[in-house]
>>> print(open('entry-v7.pdb').read())   # PDB, C-alpha atoms, pLDDT in the B column
ATOM      1  CA  MET I   1     -48.372 -38.095 -50.327  1.00 54.00           C
ATOM      2  CA  ASN I   2     -49.917 -36.786 -47.131  1.00 61.00           C
ATOM      3  CA  THR I   3     -51.733 -33.498 -46.777  1.00 72.00           C
ATOM      4  CA  GLU I   4     -50.219 -31.405 -44.022  1.00 79.00           C
ATOM      5  CA  ASP I   5     -52.354 -30.306 -41.095  1.00 89.00           C
ATOM      6  CA  LYS I   6     -51.090 -26.772 -40.541  1.00 91.00           C
ATOM      7  CA  THR I   7     -53.144 -26.243 -37.402  1.00 94.00           C
ATOM      8  CA  ARG I   8     -50.996 -24.448 -34.841  1.00 96.00           C
ATOM      9  CA  VAL I   9     -50.429 -26.266 -31.572  1.00 97.00           C
ATOM     10  CA  THR I  10     -50.064 -24.802 -28.110  1.00 96.00           C
ATOM     11  CA  ASP I  11     -46.964 -25.008 -25.938  1.00 95.00           C
ATOM     12  CA  GLU I  12     -48.890 -27.446 -23.742  1.00 96.00           C
ATOM     13  CA  GLU I  13     -49.659 -29.721 -26.716  1.00 96.00           C
ATOM     14  CA  ILE I  14     -46.011 -29.568 -27.752  1.00 97.00           C
ATOM     15  CA  GLY I  15     -44.915 -30.526 -24.238  1.00 96.00           C
ATOM     16  CA  GLN I  16     -47.296 -33.480 -24.196  1.00 96.00           C
ATOM     17  CA  ALA I  17     -46.081 -34.677 -27.610  1.00 96.00           C
ATOM     18  CA  LEU I  18     -42.425 -34.330 -26.627  1.00 96.00           C
ATOM     19  CA  SER I  19     -42.932 -36.663 -23.683  1.00 95.00           C
ATOM     20  CA  ASP I  20     -43.366 -39.426 -26.296  1.00 93.00           C
ATOM     21  CA  LEU I  21     -40.658 -38.179 -28.683  1.00 95.00           C
ATOM     22  CA  GLU I  22     -37.260 -39.183 -27.345  1.00 93.00           C
ATOM     23  CA  GLY I  23     -34.478 -36.742 -28.154  1.00 96.00           C
ATOM     24  CA  TRP I  24     -36.672 -33.968 -29.552  1.00 98.00           C
ATOM     25  CA  GLU I  25     -36.755 -30.533 -27.942  1.00 98.00           C
ATOM     26  CA  TYR I  26     -38.832 -27.422 -28.418  1.00 98.00           C
ATOM     27  CA  LEU I  27     -36.958 -24.266 -29.323  1.00 97.00           C
ATOM     28  CA  GLN I  28     -39.504 -21.724 -28.142  1.00 95.00           C
ATOM     29  CA  GLU I  29     -37.720 -18.657 -29.492  1.00 95.00           C
ATOM     30  CA  GLU I  30     -37.367 -20.222 -32.959  1.00 95.00           C
ATOM     31  CA  ARG I  31     -40.826 -21.805 -32.753  1.00 96.00           C
ATOM     32  CA  ALA I  32     -39.401 -25.121 -33.898  1.00 97.00           C
ATOM     33  CA  LEU I  33     -38.813 -28.695 -32.862  1.00 98.00           C
ATOM     34  CA  GLN I  34     -35.256 -29.958 -33.053  1.00 98.00           C
ATOM     35  CA  ARG I  35     -33.403 -33.236 -32.765  1.00 97.00           C
ATOM     36  CA  VAL I  36     -29.665 -33.902 -32.977  1.00 97.00           C
ATOM     37  CA  TRP I  37     -28.167 -37.277 -33.856  1.00 96.00           C
ATOM     38  CA  THR I  38     -24.509 -38.185 -33.460  1.00 95.00           C
ATOM     39  CA  PHE I  39     -22.910 -40.789 -35.697  1.00 93.00           C
ATOM     40  CA  GLU I  40     -19.579 -42.567 -35.445  1.00 92.00           C
ATOM     41  CA  LYS I  41     -18.889 -42.392 -39.176  1.00 90.00           C
ATOM     42  CA  PHE I  42     -19.936 -40.313 -42.149  1.00 86.00           C
ATOM     43  CA  VAL I  43     -21.452 -43.123 -44.266  1.00 89.00           C
ATOM     44  CA  PRO I  44     -24.150 -44.063 -41.703  1.00 90.00           C
ATOM     45  CA  THR I  45     -24.944 -40.377 -41.364  1.00 89.00           C
ATOM     46  CA  MET I  46     -25.626 -40.099 -45.077  1.00 90.00           C
ATOM     47  CA  ALA I  47     -27.696 -43.302 -45.044  1.00 92.00           C
ATOM     48  CA  PHE I  48     -29.860 -41.733 -42.346  1.00 92.00           C
ATOM     49  CA  VAL I  49     -30.149 -38.518 -44.387  1.00 92.00           C
ATOM     50  CA  ARG I  50     -31.466 -40.580 -47.305  1.00 93.00           C
ATOM     51  CA  LYS I  51     -34.027 -42.166 -44.982  1.00 93.00           C
ATOM     52  CA  LEU I  52     -35.041 -38.689 -43.785  1.00 93.00           C
ATOM     53  CA  ILE I  53     -35.503 -37.535 -47.363  1.00 93.00           C
ATOM     54  CA  ASP I  54     -37.880 -40.434 -47.988  1.00 92.00           C
ATOM     55  CA  VAL I  55     -39.865 -39.497 -44.879  1.00 91.00           C
ATOM     56  CA  MET I  56     -39.959 -35.854 -45.955  1.00 92.00           C
ATOM     57  CA  ASP I  57     -41.325 -36.780 -49.373  1.00 91.00           C
ATOM     58  CA  THR I  58     -43.883 -39.213 -47.941  1.00 89.00           C
ATOM     59  CA  GLN I  59     -45.044 -36.684 -45.335  1.00 87.00           C
ATOM     60  CA  ASN I  60     -44.812 -33.763 -47.791  1.00 87.00           C
ATOM     61  CA  HIS I  61     -42.974 -31.931 -45.024  1.00 88.00           C
ATOM     62  CA  HIS I  62     -39.504 -30.652 -45.784  1.00 88.00           C
ATOM     63  CA  SER I  63     -37.500 -29.758 -42.722  1.00 91.00           C
ATOM     64  CA  ASP I  64     -34.211 -27.961 -42.255  1.00 94.00           C
ATOM     65  CA  ILE I  65     -31.207 -30.283 -42.050  1.00 94.00           C
ATOM     66  CA  TYR I  66     -27.812 -29.262 -40.704  1.00 95.00           C
ATOM     67  CA  LEU I  67     -24.848 -31.576 -41.136  1.00 93.00           C
ATOM     68  CA  ASP I  68     -21.629 -31.035 -39.197  1.00 92.00           C
ATOM     69  CA  SER I  69     -19.133 -33.514 -40.612  1.00 84.00           C
ATOM     70  CA  ARG I  70     -16.464 -32.630 -38.044  1.00 86.00           C
ATOM     71  CA  ALA I  71     -18.689 -33.233 -35.055  1.00 85.00           C
ATOM     72  CA  LYS I  72     -20.447 -36.070 -36.905  1.00 88.00           C
ATOM     73  CA  THR I  73     -23.821 -34.622 -35.991  1.00 93.00           C
ATOM     74  CA  LEU I  74     -27.006 -34.258 -37.936  1.00 94.00           C
ATOM     75  CA  THR I  75     -29.584 -31.736 -36.749  1.00 96.00           C
ATOM     76  CA  VAL I  76     -33.159 -31.626 -37.980  1.00 96.00           C
ATOM     77  CA  ARG I  77     -35.240 -28.550 -37.228  1.00 97.00           C
ATOM     78  CA  VAL I  78     -38.970 -28.700 -37.876  1.00 96.00           C
ATOM     79  CA  THR I  79     -41.357 -25.790 -38.121  1.00 96.00           C
ATOM     80  CA  THR I  80     -44.117 -24.687 -40.451  1.00 94.00           C
ATOM     81  CA  HIS I  81     -42.593 -21.620 -42.040  1.00 92.00           C
ATOM     82  CA  THR I  82     -45.881 -20.334 -43.475  1.00 92.00           C
ATOM     83  CA  GLU I  83     -47.377 -20.302 -39.970  1.00 94.00           C
ATOM     84  CA  ASN I  84     -44.193 -19.224 -38.162  1.00 94.00           C
ATOM     85  CA  ALA I  85     -45.131 -21.825 -35.564  1.00 96.00           C
ATOM     86  CA  VAL I  86     -45.148 -25.501 -34.710  1.00 97.00           C
ATOM     87  CA  THR I  87     -48.163 -27.222 -36.239  1.00 96.00           C
ATOM     88  CA  ARG I  88     -49.700 -30.665 -36.158  1.00 96.00           C
ATOM     89  CA  ALA I  89     -47.738 -31.431 -39.333  1.00 94.00           C
ATOM     90  CA  ASP I  90     -44.487 -30.813 -37.442  1.00 96.00           C
ATOM     91  CA  LEU I  91     -45.515 -33.120 -34.602  1.00 96.00           C
ATOM     92  CA  ASP I  92     -46.606 -35.778 -37.093  1.00 94.00           C
ATOM     93  CA  PHE I  93     -43.281 -35.496 -38.905  1.00 94.00           C
ATOM     94  CA  ALA I  94     -41.296 -35.880 -35.675  1.00 96.00           C
ATOM     95  CA  LYS I  95     -43.320 -38.979 -34.785  1.00 94.00           C
ATOM     96  CA  VAL I  96     -42.683 -40.580 -38.170  1.00 93.00           C
ATOM     97  CA  VAL I  97     -38.960 -39.780 -38.044  1.00 92.00           C
ATOM     98  CA  SER I  98     -38.699 -41.250 -34.543  1.00 91.00           C
ATOM     99  CA  ALA I  99     -40.499 -44.402 -35.669  1.00 88.00           C
ATOM    100  CA  ALA I 100     -38.219 -44.721 -38.735  1.00 81.00           C
ATOM    101  CA  GLU I 101     -34.986 -44.873 -36.738  1.00 78.00           C
TER
END
>>> encode(input="entry-v7.pdb", output="structure tokens")
Amino acid sequence: MNTEDKTRVTDEEIGQALSDLEGWEYLQEERALQRVWTFEKFVPTMAFVRKLIDVMDTQNHHSDIYLDSRAKTLTVRVTTHTENAVTRADLDFAKVVSAAE
């Protein structure tokens, strides 16, 4: 299990990281990173959720997950709640999730 680096990152650092993280966006008002996936069917969506859970446990970073079964979308929102900000742990998590697709 990884130890989280809860060092806050600047908006500039977030922007630089997002240039390498396809599909992720920075929600400045919420101080969070977010990515939305769309799936054709429910079963592949749930398979991806299981993969996300494994990543969350490995990274010791548990993000917010929103599932809309009608729209067949899965949204992951990442922030470090204790810091009320995006941290290095959030950027690391987004990188691992992107690599796991």
>>> axis_aligned_box(input="entry-v7.pdb", around="region 73-92 of chain I", padding_each_side="5 Å", output="AutoDock Vina command-line options")
--center_x -36.8 --center_y -27.5 --center_z -39.0 --size_x 35.9 --size_y 26.6 --size_z 18.9
>>> closest_residue(input="entry-v7.pdb", among="I:Asp54, I:Asp64, I:Asp92, I:Glu83", to="Arg35 (chain I)", atoms="all atoms listed in the file")
I:Asp64
>>> resolve_selection(input="entry-v7.pdb", expression="the PyMOL selection byres ((chain I and resi 8) around 10)", output="list in words")
Asp5, Lys6, Thr7, Val9, Thr10, Asp11, Glu13, Thr80, Glu83, Asn84, Ala85, Val86, Thr87, Arg88, Ala89 and Asp90 of chain I
>>> resolve_selection(input="entry-v7.pdb", expression="the PyMOL selection byres ((chain I and resi 59) around 9)", output="CSV table (one decimal) with C-alpha atoms, in the frame of the given file")
chain,number,residue,atom,x,y,z
I,1,MET,CA,-48.4,-38.1,-50.3
I,2,ASN,CA,-49.9,-36.8,-47.1
I,3,THR,CA,-51.7,-33.5,-46.8
I,4,GLU,CA,-50.2,-31.4,-44.0
I,54,ASP,CA,-37.9,-40.4,-48.0
I,55,VAL,CA,-39.9,-39.5,-44.9
I,56,MET,CA,-40.0,-35.9,-46.0
I,57,ASP,CA,-41.3,-36.8,-49.4
I,58,THR,CA,-43.9,-39.2,-47.9
I,60,ASN,CA,-44.8,-33.8,-47.8
I,61,HIS,CA,-43.0,-31.9,-45.0
I,62,HIS,CA,-39.5,-30.7,-45.8
I,89,ALA,CA,-47.7,-31.4,-39.3
I,92,ASP,CA,-46.6,-35.8,-37.1
I,93,PHE,CA,-43.3,-35.5,-38.9
I,96,VAL,CA,-42.7,-40.6,-38.2
>>> closest_atom_pairs(input="entry-v7.pdb", of="region 11-37 of chain I", to="region 66-72 of chain I", cutoff="12 Å", atoms="all atoms listed in the file", output="tab-separated table")
residue	atom	partner	partner_atom	distance
I:Gln34	CA	I:Tyr66	CA	10.7
I:Arg35	CA	I:Tyr66	CA	10.5
I:Val36	CA	I:Tyr66	CA	9.2
I:Trp37	CA	I:Lys72	CA	8.4
>>> write_last_selection(input="entry-v7.pdb", atoms="C-alpha atoms", output="mmCIF file, in the coordinates of the input")
data_model
loop_
_atom_site.group_PDB
_atom_site.id
_atom_site.type_symbol
_atom_site.label_atom_id
_atom_site.label_comp_id
_atom_site.auth_asym_id
_atom_site.auth_seq_id
_atom_site.Cartn_x
_atom_site.Cartn_y
_atom_site.Cartn_z
ATOM 1 C CA GLN I 34 -35.256 -29.958 -33.053
ATOM 2 C CA ARG I 35 -33.403 -33.236 -32.765
ATOM 3 C CA VAL I 36 -29.665 -33.902 -32.977
ATOM 4 C CA TRP I 37 -28.167 -37.277 -33.856
#
>>> resolve_selection(input="entry-v7.pdb", expression="the PyMOL selection byres ((chain I and resi 22) around 10)", output="list in words")
Ala17, Leu18, Ser19, Asp20, Leu21, Gly23, Trp24, Glu25, Arg35, Ala94, Lys95 and Ser98 of chain I
>>> write_last_selection(input="entry-v7.pdb", atoms="C-alpha atoms", output="PDB file, keeping the file's coordinate frame")
ATOM      1  CA  ALA I  17     -46.081 -34.677 -27.610  1.00 96.00           C
ATOM      2  CA  LEU I  18     -42.425 -34.330 -26.627  1.00 96.00           C
ATOM      3  CA  SER I  19     -42.932 -36.663 -23.683  1.00 95.00           C
ATOM      4  CA  ASP I  20     -43.366 -39.426 -26.296  1.00 93.00           C
ATOM      5  CA  LEU I  21     -40.658 -38.179 -28.683  1.00 95.00           C
ATOM      6  CA  GLY I  23     -34.478 -36.742 -28.154  1.00 96.00           C
ATOM      7  CA  TRP I  24     -36.672 -33.968 -29.552  1.00 98.00           C
ATOM      8  CA  GLU I  25     -36.755 -30.533 -27.942  1.00 98.00           C
ATOM      9  CA  ARG I  35     -33.403 -33.236 -32.765  1.00 97.00           C
ATOM     10  CA  ALA I  94     -41.296 -35.880 -35.675  1.00 96.00           C
ATOM     11  CA  LYS I  95     -43.320 -38.979 -34.785  1.00 94.00           C
ATOM     12  CA  SER I  98     -38.699 -41.250 -34.543  1.00 91.00           C
TER      13      SER I  98
END
>>> closest_residue(input="entry-v7.pdb", among="I:Val49, I:Val43, I:Val78, I:Leu91", to="Arg31 (chain I)", atoms="only C-alpha atoms")
I:Val78
>>> atom_distance(input="entry-v7.pdb", atom1="CA of Thr82 (chain I)", atom2="CA of Ala47 (chain I)")
29.3 Å
>>> atom_distance(input="entry-v7.pdb", atom1="CA of Lys41 (chain I)", atom2="CA of Arg77 (chain I)")
21.5 Å
>>> closest_residue(input="entry-v7.pdb", among="I:Leu74, I:Thr79, I:Ala99, I:Gln16", to="Phe48 (chain I)", atoms="all atoms listed in the file")
I:Leu74
>>> closest_residue(input="entry-v7.pdb", among="I:Glu101, I:Tyr26, I:Thr75, I:Gly15", to="Thr38 (chain I)", atoms="all atoms listed in the file")
I:Thr75
>>> atom_distance(input="entry-v7.pdb", atom1="CA of Glu29 (chain I)", atom2="CA of Lys51 (chain I)")
28.4 Å
>>> build_atoms(input="entry-v7.pdb", residues="region 40-63 of chain I", atoms="N, CA and C atoms", output="PDB file, in the coordinates of the input")
ATOM      1  N   GLU I  40     -21.009 -42.241 -35.556  1.00 92.00           N
ATOM      2  CA  GLU I  40     -19.579 -42.567 -35.445  1.00 92.00           C
ATOM      3  C   GLU I  40     -18.835 -42.305 -36.751  1.00 92.00           C
ATOM      4  N   LYS I  41     -19.527 -42.534 -37.869  1.00 90.00           N
ATOM      5  CA  LYS I  41     -18.889 -42.392 -39.176  1.00 90.00           C
ATOM      6  C   LYS I  41     -19.808 -41.636 -40.130  1.00 90.00           C
ATOM      7  N   PHE I  42     -19.212 -41.142 -41.191  1.00 86.00           N
ATOM      8  CA  PHE I  42     -19.936 -40.313 -42.149  1.00 86.00           C
ATOM      9  C   PHE I  42     -20.948 -41.121 -42.969  1.00 86.00           C
ATOM     10  N   VAL I  43     -20.578 -42.328 -43.395  1.00 89.00           N
ATOM     11  CA  VAL I  43     -21.452 -43.123 -44.266  1.00 89.00           C
ATOM     12  C   VAL I  43     -22.799 -43.421 -43.604  1.00 89.00           C
ATOM     13  N   PRO I  44     -22.840 -43.865 -42.341  1.00 90.00           N
ATOM     14  CA  PRO I  44     -24.150 -44.063 -41.703  1.00 90.00           C
ATOM     15  C   PRO I  44     -24.957 -42.764 -41.575  1.00 90.00           C
ATOM     16  N   THR I  45     -24.258 -41.673 -41.419  1.00 89.00           N
ATOM     17  CA  THR I  45     -24.944 -40.377 -41.364  1.00 89.00           C
ATOM     18  C   THR I  45     -25.688 -40.128 -42.667  1.00 89.00           C
ATOM     19  N   MET I  46     -25.010 -40.344 -43.776  1.00 90.00           N
ATOM     20  CA  MET I  46     -25.626 -40.099 -45.077  1.00 90.00           C
ATOM     21  C   MET I  46     -26.750 -41.092 -45.368  1.00 90.00           C
ATOM     22  N   ALA I  47     -26.612 -42.324 -44.889  1.00 92.00           N
ATOM     23  CA  ALA I  47     -27.696 -43.302 -45.044  1.00 92.00           C
ATOM     24  C   ALA I  47     -28.938 -42.824 -44.298  1.00 92.00           C
ATOM     25  N   PHE I  48     -28.737 -42.251 -43.111  1.00 92.00           N
ATOM     26  CA  PHE I  48     -29.860 -41.733 -42.346  1.00 92.00           C
ATOM     27  C   PHE I  48     -30.468 -40.513 -43.035  1.00 92.00           C
ATOM     28  N   VAL I  49     -29.641 -39.674 -43.638  1.00 92.00           N
ATOM     29  CA  VAL I  49     -30.149 -38.518 -44.387  1.00 92.00           C
ATOM     30  C   VAL I  49     -31.048 -38.998 -45.524  1.00 92.00           C
ATOM     31  N   ARG I  50     -30.635 -40.043 -46.224  1.00 93.00           N
ATOM     32  CA  ARG I  50     -31.466 -40.580 -47.305  1.00 93.00           C
ATOM     33  C   ARG I  50     -32.811 -41.068 -46.764  1.00 93.00           C
ATOM     34  N   LYS I  51     -32.787 -41.709 -45.600  1.00 93.00           N
ATOM     35  CA  LYS I  51     -34.027 -42.166 -44.982  1.00 93.00           C
ATOM     36  C   LYS I  51     -34.908 -40.963 -44.629  1.00 93.00           C
ATOM     37  N   LEU I  52     -34.287 -39.911 -44.112  1.00 93.00           N
ATOM     38  CA  LEU I  52     -35.041 -38.689 -43.785  1.00 93.00           C
ATOM     39  C   LEU I  52     -35.690 -38.081 -45.023  1.00 93.00           C
ATOM     40  N   ILE I  53     -34.959 -38.087 -46.117  1.00 93.00           N
ATOM     41  CA  ILE I  53     -35.503 -37.535 -47.363  1.00 93.00           C
ATOM     42  C   ILE I  53     -36.743 -38.315 -47.788  1.00 93.00           C
ATOM     43  N   ASP I  54     -36.704 -39.627 -47.658  1.00 92.00           N
ATOM     44  CA  ASP I  54     -37.880 -40.434 -47.988  1.00 92.00           C
ATOM     45  C   ASP I  54     -39.060 -40.066 -47.095  1.00 92.00           C
ATOM     46  N   VAL I  55     -38.803 -39.890 -45.806  1.00 91.00           N
ATOM     47  CA  VAL I  55     -39.865 -39.497 -44.879  1.00 91.00           C
ATOM     48  C   VAL I  55     -40.407 -38.123 -45.255  1.00 91.00           C
ATOM     49  N   MET I  56     -39.531 -37.200 -45.574  1.00 92.00           N
ATOM     50  CA  MET I  56     -39.959 -35.854 -45.955  1.00 92.00           C
ATOM     51  C   MET I  56     -40.871 -35.889 -47.174  1.00 92.00           C
ATOM     52  N   ASP I  57     -40.499 -36.687 -48.174  1.00 91.00           N
ATOM     53  CA  ASP I  57     -41.325 -36.780 -49.373  1.00 91.00           C
ATOM     54  C   ASP I  57     -42.666 -37.435 -49.071  1.00 91.00           C
ATOM     55  N   THR I  58     -42.647 -38.512 -48.289  1.00 89.00           N
ATOM     56  CA  THR I  58     -43.883 -39.213 -47.941  1.00 89.00           C
ATOM     57  C   THR I  58     -44.813 -38.307 -47.148  1.00 89.00           C
ATOM     58  N   GLN I  59     -44.250 -37.562 -46.194  1.00 87.00           N
ATOM     59  CA  GLN I  59     -45.044 -36.684 -45.335  1.00 87.00           C
ATOM     60  C   GLN I  59     -45.345 -35.333 -45.990  1.00 87.00           C
ATOM     61  N   ASN I  60     -44.698 -35.059 -47.122  1.00 87.00           N
ATOM     62  CA  ASN I  60     -44.812 -33.763 -47.791  1.00 87.00           C
ATOM     63  C   ASN I  60     -44.461 -32.635 -46.814  1.00 87.00           C
ATOM     64  N   HIS I  61     -43.395 -32.888 -46.047  1.00 88.00           N
ATOM     65  CA  HIS I  61     -42.974 -31.931 -45.024  1.00 88.00           C
ATOM     66  C   HIS I  61     -41.451 -31.858 -45.056  1.00 88.00           C
ATOM     67  N   HIS I  62     -40.938 -30.769 -45.530  1.00 88.00           N
ATOM     68  CA  HIS I  62     -39.504 -30.652 -45.784  1.00 88.00           C
ATOM     69  C   HIS I  62     -38.858 -29.760 -44.731  1.00 88.00           C
ATOM     70  N   SER I  63     -38.105 -30.411 -43.871  1.00 91.00           N
ATOM     71  CA  SER I  63     -37.500 -29.758 -42.722  1.00 91.00           C
ATOM     72  C   SER I  63     -36.112 -29.238 -43.042  1.00 91.00           C
TER      73      SER I  63
END
